[in-house]
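Q: The structure under discussion is supplied below as structure tokens; questions concerning it will follow.
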Amino acid sequence: MPSNAEPENPAPLPSGIHAGAMMHAGEGPAGPAVRSPISEADITVAPLDFEGAIRSLRSTGVVLLRGAVGRGVIEQVRQATVRAFERLPQVAPTGGPAAKELMRLSMIGPGLTDGFSELTEMARRVVECGVGKPIVELYLGGRLIFDTSTLRFRSHRPSRTLSYVPLHQDAAFTAQDRSWINFWVPLSPCGEVAPGLEIYPLPEPKFFPHVDDPSPGGYPMGFIRDEALASYPHPLAPVEPIFEPGDLLLFDGFCPHRTIERPGMTQTRYSFEFRYSSENSQGPRADGPRQERRTARAQP
């Protein structure tokens with residue numbers, strides 16, 4: 001589908017809920033409609049189903065595209081990422097405080113200059129050869145901006161708690177007014193043999209207050225306490241996909257997510273993430289959540 005095509009207008013869903021995320025307890029006085037938690041099946045869409053992908057982003061803030069990027073391209077990026085992490089102990093000490101912090105957290109990002117430009121171009125090629133970019137272009141509208149300041153390559157070894165990213169929403173850590181979508185790209189199998197990603201698709205966007213203290217695992221960022229999820233007006237359940245190289249996860253800034261590790265995971269996970277923003281100042285799920293975010297952060 002051409003990237004400048006206009007998406008079809010799908011039929012409106014009740015209260016913005018994904019059709020696959022609803023069940024009925026009965027008719028009339030016997031029982032009102034009950035919303036069940038959104039499942040992995042509800043957010044999984046075939047790569048060429050642009051309409052389905054956009055509908056999932058609109059109604060849950062998340063879409064999982066299986067086999068969206070060629071495995072050959074992904075394998076090239078994985079090999080380059082592994083080599084970059086092997087060089088990291090020699091490169092980071094000369095890169096200043098930012099580079100040392102990235103090494104401490106098993107990340108490669110803009111704070112490192114040696115080899116990062118190569119990885120940046122490889123990440124851009126992954127996007128250009130996949131379907132994620134045209135989907136987000138249709139969803140957000142306007143010209144897209146590849147935000148290299150948000151590009152991070154990660155290595156997560158099992159039981160390395162310092163690289164365990166706690167439950168959070170990216171909207172809590174950005175002052176950007178433009179609408180944007182996160183791309184999360186697994187470079188190796190994860191979620192079963194290696195640490196994966198736990199997400200909470202939200203049928204209605206909501207900001208959860210974040211605790212400003214470092215997480216229990218020591219990761220230096222604010223986080224959402226699990227009990228805070230109980231304030232959500234609909235039932236929530238975590239989704240923990242088993243990812244394969246070539247899969248692509250797109251989600252907005254209000255999707256709670258974190259690293260997940262289970263017993264029996266023995267392999268290292270390699271992945272990268274970045275953000276595409278739009279020149280448009282507003283997006284389909286932007287206005288209400290943005291105001292809600294300001295209100296929630298203002299509360300003591």
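Order determines the names: the first chain of the structure tokens is A, the second B, and so forth; residues in each chain are numbered 1 upward, and ligands are numbered 1 upward as they are shown.
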Which residues are near region 115-121 of chain A? Cut-off 8 Å, only C-alpha atoms, ignore same chain within fewer than 5 positions. Put them as an MDAnalysis selection string.
A: chainID A and resid 77 80:81 84 108:110 148 151
Q: Using N, CA and C atoms, can you export the residues from the last selection as a PDB file, in the first residue's frame?
A:
```
ATOM      1  N   VAL A  77      21.626  -7.056  11.676  1.00  0.00           N
ATOM      2  CA  VAL A  77      21.616  -6.102  12.789  1.00  0.00           C
ATOM      3  C   VAL A  77      21.996  -6.799  14.092  1.00  0.00           C
ATOM      4  N   ALA A  80      25.772  -7.260  14.226  1.00  0.00           N
ATOM      5  CA  ALA A  80      26.433  -5.974  14.486  1.00  0.00           C
ATOM      6  C   ALA A  80      26.214  -5.531  15.932  1.00  0.00           C
ATOM      7  N   THR A  81      25.037  -5.818  16.485  1.00  0.00           N
ATOM      8  CA  THR A  81      24.741  -5.446  17.867  1.00  0.00           C
ATOM      9  C   THR A  81      25.589  -6.259  18.837  1.00  0.00           C
ATOM     10  N   ALA A  84      29.004  -4.873  18.823  1.00  0.00           N
ATOM     11  CA  ALA A  84      29.048  -3.587  19.521  1.00  0.00           C
ATOM     12  C   ALA A  84      29.089  -3.790  21.033  1.00  0.00           C
ATOM     13  N   ILE A 108      23.204   0.498  24.405  1.00  0.00           N
ATOM     14  CA  ILE A 108      23.992   1.292  23.466  1.00  0.00           C
ATOM     15  C   ILE A 108      23.054   2.338  22.903  1.00  0.00           C
ATOM     16  N   GLY A 109      23.447   3.602  23.037  1.00  0.00           N
ATOM     17  CA  GLY A 109      22.585   4.694  22.597  1.00  0.00           C
ATOM     18  C   GLY A 109      23.396   5.898  22.184  1.00  0.00           C
ATOM     19  N   PRO A 110      22.733   7.059  22.056  1.00  0.00           N
ATOM     20  CA  PRO A 110      23.406   8.266  21.562  1.00  0.00           C
ATOM     21  C   PRO A 110      24.590   8.717  22.400  1.00  0.00           C
ATOM     22  N   THR A 148      16.359   9.760  16.368  1.00  0.00           N
ATOM     23  CA  THR A 148      17.538   8.987  16.756  1.00  0.00           C
ATOM     24  C   THR A 148      17.886   9.165  18.232  1.00  0.00           C
ATOM     25  N   LEU A 151      16.765   6.108  20.117  1.00  0.00           N
ATOM     26  CA  LEU A 151      17.235   4.795  19.673  1.00  0.00           C
ATOM     27  C   LEU A 151      18.108   4.164  20.752  1.00  0.00           C
TER      28      LEU A 151
END
```
Q: Counting only C-alpha atoms, what is within 10 Å of Ile242 (chain A), bar same-chain residues fewer than 2 positions away, as a VMD selection string?
A: chain A and resid 189 to 197 239 to 240 244 247
Q: Pick out the closest residue to Gln76 (chain A) from this set: A:Ile260, A:Arg125, A:Ala41, A:Leu140. Count only C-alpha atoms.
A: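 Selected residue with least distance to Gln76 (chain A): A:Arg125.
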Q: Running DSSP on the backbone, which parts of region 88-292 of chain A land in strand (DSSP E or B), as a ChimeraX atom specification?
A: /A:107-108,144-156,168,180-186,190,196-199,211,223,239,243,248-251,257-260,269-278
Q: Write out as an mmCIF file with C-alpha atoms, in the first residue's frame the residues lying within 6 Å of region 55-65 of chain A, counting only C-alpha atoms and excluding same-chain residues fewer than 3 positions away.
A:
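Result file follows (result.cif):
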```cif
data_model
loop_
_atom_site.group_PDB
_atom_site.id
_atom_site.type_symbol
_atom_site.label_atom_id
_atom_site.label_comp_id
_atom_site.auth_asym_id
_atom_site.auth_seq_id
_atom_site.Cartn_x
_atom_site.Cartn_y
_atom_site.Cartn_z
ATOM 1 C CA GLY A 16 -13.172 2.723 21.799
ATOM 2 C CA ILE A 17 -12.909 -0.952 22.740
ATOM 3 C CA HIS A 18 -11.375 -3.496 20.358
ATOM 4 C CA ILE A 43 -3.447 -7.180 19.212
ATOM 5 C CA THR A 44 -1.793 -9.585 16.730
ATOM 6 C CA VAL A 45 -2.252 -8.561 13.103
ATOM 7 C CA ALA A 46 -0.888 -9.864 9.815
ATOM 8 C CA PRO A 47 1.806 -7.493 8.490
ATOM 9 C CA GLY A 52 -6.378 -4.080 11.224
ATOM 10 C CA ALA A 68 7.000 -7.866 9.622
ATOM 11 C CA PRO A 201 -2.883 -2.969 26.244
ATOM 12 C CA LEU A 202 -5.358 -0.305 27.374
ATOM 13 C CA PRO A 203 -8.797 -0.113 25.729
ATOM 14 C CA ASP A 247 8.400 -9.577 14.661
ATOM 15 C CA LEU A 248 7.597 -5.943 15.368
ATOM 16 C CA LEU A 249 5.752 -4.415 18.315
ATOM 17 C CA LEU A 250 4.296 -0.919 17.947
ATOM 18 C CA PHE A 251 2.826 0.879 20.945
ATOM 19 C CA ASP A 252 1.969 4.382 22.085
#
```
Q: Excluding Glu75 (chain A) and its own-chain neighbours fewer than 2 positions away, which residues fall within 12 Å of it when counting only C-alpha atoms? Please give them as a PDB file with N, CA and C atoms, in the first residue's frame.
A:
```pdb
ATOM      1  N   VAL A  69       9.430  -7.999   9.336  1.00  0.00           N
ATOM      2  CA  VAL A  69      10.730  -7.624   8.775  1.00  0.00           C
ATOM      3  C   VAL A  69      11.460  -8.893   8.375  1.00  0.00           C
ATOM      4  N   GLY A  70      12.160  -8.837   7.248  1.00  0.00           N
ATOM      5  CA  GLY A  70      12.899  -9.999   6.776  1.00  0.00           C
ATOM      6  C   GLY A  70      13.950 -10.460   7.768  1.00  0.00           C
ATOM      7  N   ARG A  71      14.045 -11.773   7.965  1.00  0.00           N
ATOM      8  CA  ARG A  71      14.988 -12.307   8.953  1.00  0.00           C
ATOM      9  C   ARG A  71      16.437 -12.057   8.569  1.00  0.00           C
ATOM     10  N   GLY A  72      16.723 -12.007   7.264  1.00  0.00           N
ATOM     11  CA  GLY A  72      18.091 -11.741   6.845  1.00  0.00           C
ATOM     12  C   GLY A  72      18.567 -10.384   7.307  1.00  0.00           C
ATOM     13  N   VAL A  73      17.730  -9.382   7.173  1.00  0.00           N
ATOM     14  CA  VAL A  73      18.084  -8.037   7.620  1.00  0.00           C
ATOM     15  C   VAL A  73      18.243  -8.004   9.137  1.00  0.00           C
ATOM     16  N   VAL A  77      21.626  -7.056  11.676  1.00  0.00           N
ATOM     17  CA  VAL A  77      21.616  -6.102  12.789  1.00  0.00           C
ATOM     18  C   VAL A  77      21.996  -6.799  14.092  1.00  0.00           C
ATOM     19  N   ARG A  78      21.523  -8.032  14.271  1.00  0.00           N
ATOM     20  CA  ARG A  78      21.863  -8.771  15.499  1.00  0.00           C
ATOM     21  C   ARG A  78      23.369  -8.987  15.605  1.00  0.00           C
ATOM     22  N   GLN A  79      23.983  -9.407  14.509  1.00  0.00           N
ATOM     23  CA  GLN A  79      25.424  -9.645  14.547  1.00  0.00           C
ATOM     24  C   GLN A  79      26.185  -8.355  14.847  1.00  0.00           C
ATOM     25  N   ALA A  80      25.772  -7.260  14.226  1.00  0.00           N
ATOM     26  CA  ALA A  80      26.433  -5.974  14.486  1.00  0.00           C
ATOM     27  C   ALA A  80      26.214  -5.531  15.932  1.00  0.00           C
ATOM     28  N   THR A  81      25.037  -5.818  16.485  1.00  0.00           N
ATOM     29  CA  THR A  81      24.741  -5.446  17.867  1.00  0.00           C
ATOM     30  C   THR A  81      25.589  -6.259  18.837  1.00  0.00           C
ATOM     31  N   VAL A  82      25.726  -7.556  18.585  1.00  0.00           N
ATOM     32  CA  VAL A  82      26.567  -8.399  19.445  1.00  0.00           C
ATOM     33  C   VAL A  82      28.004  -7.884  19.425  1.00  0.00           C
ATOM     34  N   MET A 122      21.696   0.902  10.286  1.00  0.00           N
ATOM     35  CA  MET A 122      21.135  -0.436  10.138  1.00  0.00           C
ATOM     36  C   MET A 122      19.700  -0.469  10.665  1.00  0.00           C
ATOM     37  N   ALA A 123      19.454   0.217  11.779  1.00  0.00           N
ATOM     38  CA  ALA A 123      18.092   0.288  12.321  1.00  0.00           C
ATOM     39  C   ALA A 123      17.166   0.988  11.339  1.00  0.00           C
ATOM     40  N   VAL A 126      16.143  -1.415   8.676  1.00  0.00           N
ATOM     41  CA  VAL A 126      15.121  -2.348   9.148  1.00  0.00           C
ATOM     42  C   VAL A 126      13.735  -1.738   8.984  1.00  0.00           C
ATOM     43  N   VAL A 185      11.856  -3.868  18.557  1.00  0.00           N
ATOM     44  CA  VAL A 185      12.294  -4.835  17.553  1.00  0.00           C
ATOM     45  C   VAL A 185      13.165  -5.904  18.217  1.00  0.00           C
ATOM     46  N   PRO A 186      12.675  -7.136  18.359  1.00  0.00           N
ATOM     47  CA  PRO A 186      13.520  -8.214  18.893  1.00  0.00           C
ATOM     48  C   PRO A 186      14.516  -8.680  17.832  1.00  0.00           C
ATOM     49  N   LEU A 187      15.759  -8.817  18.235  1.00  0.00           N
ATOM     50  CA  LEU A 187      16.796  -9.301  17.317  1.00  0.00           C
ATOM     51  C   LEU A 187      17.108 -10.776  17.521  1.00  0.00           C
ATOM     52  N   SER A 188      16.582 -11.354  18.584  1.00  0.00           N
ATOM     53  CA  SER A 188      16.789 -12.770  18.888  1.00  0.00           C
ATOM     54  C   SER A 188      15.513 -13.303  19.515  1.00  0.00           C
ATOM     55  N   PRO A 189      15.317 -14.624  19.509  1.00  0.00           N
ATOM     56  CA  PRO A 189      14.119 -15.171  20.139  1.00  0.00           C
ATOM     57  C   PRO A 189      14.052 -14.768  21.612  1.00  0.00           C
ATOM     58  N   GLU A 244       9.837 -13.737  17.912  1.00  0.00           N
ATOM     59  CA  GLU A 244      10.842 -14.285  17.008  1.00  0.00           C
ATOM     60  C   GLU A 244      11.464 -13.137  16.223  1.00  0.00           C
ATOM     61  N   PRO A 245      12.715 -13.276  15.783  1.00  0.00           N
ATOM     62  CA  PRO A 245      13.316 -12.231  14.948  1.00  0.00           C
ATOM     63  C   PRO A 245      12.446 -11.969  13.722  1.00  0.00           C
ATOM     64  N   GLY A 246      12.204 -10.716  13.437  1.00  0.00           N
ATOM     65  CA  GLY A 246      11.314 -10.344  12.342  1.00  0.00           C
ATOM     66  C   GLY A 246       9.981  -9.824  12.817  1.00  0.00           C
ATOM     67  N   TYR A 270      18.641  -9.772  22.690  1.00  0.00           N
ATOM     68  CA  TYR A 270      19.088  -8.564  22.012  1.00  0.00           C
ATOM     69  C   TYR A 270      17.876  -7.917  21.348  1.00  0.00           C
ATOM     70  N   SER A 271      17.779  -6.621  21.476  1.00  0.00           N
ATOM     71  CA  SER A 271      16.639  -5.907  20.895  1.00  0.00           C
ATOM     72  C   SER A 271      17.040  -4.448  20.693  1.00  0.00           C
TER      73      SER A 271
END
```
Q: So that I can see what lies close to Glu273 (chain A), please list as a PyMOL selection string the residues with an atom at most 8 Å from it, counting only C-alpha atoms and leaving out residues fewer than 2 positions away in the same chain.
A: chain A and resi 150-153+182-185+271+275
Q: Enumerate as a list in words all residues of region 102-230 of chain A assigned to alpha helix (DSSP H) by DSSP on the backbone, naming them with the chain letters and numbers the document uses.
A: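 Of region 102-230 of chain A, only Leu102, Met103, Arg104, Phe116, Ser117, Glu118, Leu119, Thr120, Glu121, Met122, Ala123, Arg124, Arg125, Val126, Val127, Glu128, Gly132, Lys133, Pro134, Ile135, Val136, Glu137, Leu138, Tyr139 and Leu140 of chain A fall in alpha helix (DSSP H).
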Q: I want to know what sits within 8 Å of Pro235 (chain A), based on only C-alpha atoms, with residues of the same chain fewer than 2 positions away left out; could you give that as a ChimeraX atom specification?
A: /A:35-37,232-233,237
Q: How many Å separate CA of Arg160 (chain A) from CA of Pro241 (chain A)?
A: 20.7 Å
Q: Using CA of Gly264 (chain A) and CA of His156 (chain A) as the two end points, give the distance in Å to one decimal.
A: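 About the pair CA of Gly264 (chain A) and CA of His156 (chain A): they are 14.6 Å apart.
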Q: In Å to one decimal, how far is CA of Ser149 (chain A) from CA of Ser277 (chain A)?
A: 11.6 Å
Q: Here is a test: counting only C-alpha atoms, which residue of A:Tyr276, A:Phe207, A:Phe243, A:Phe223 is nearest to Trp180 (chain A)?
A: A:Tyr276
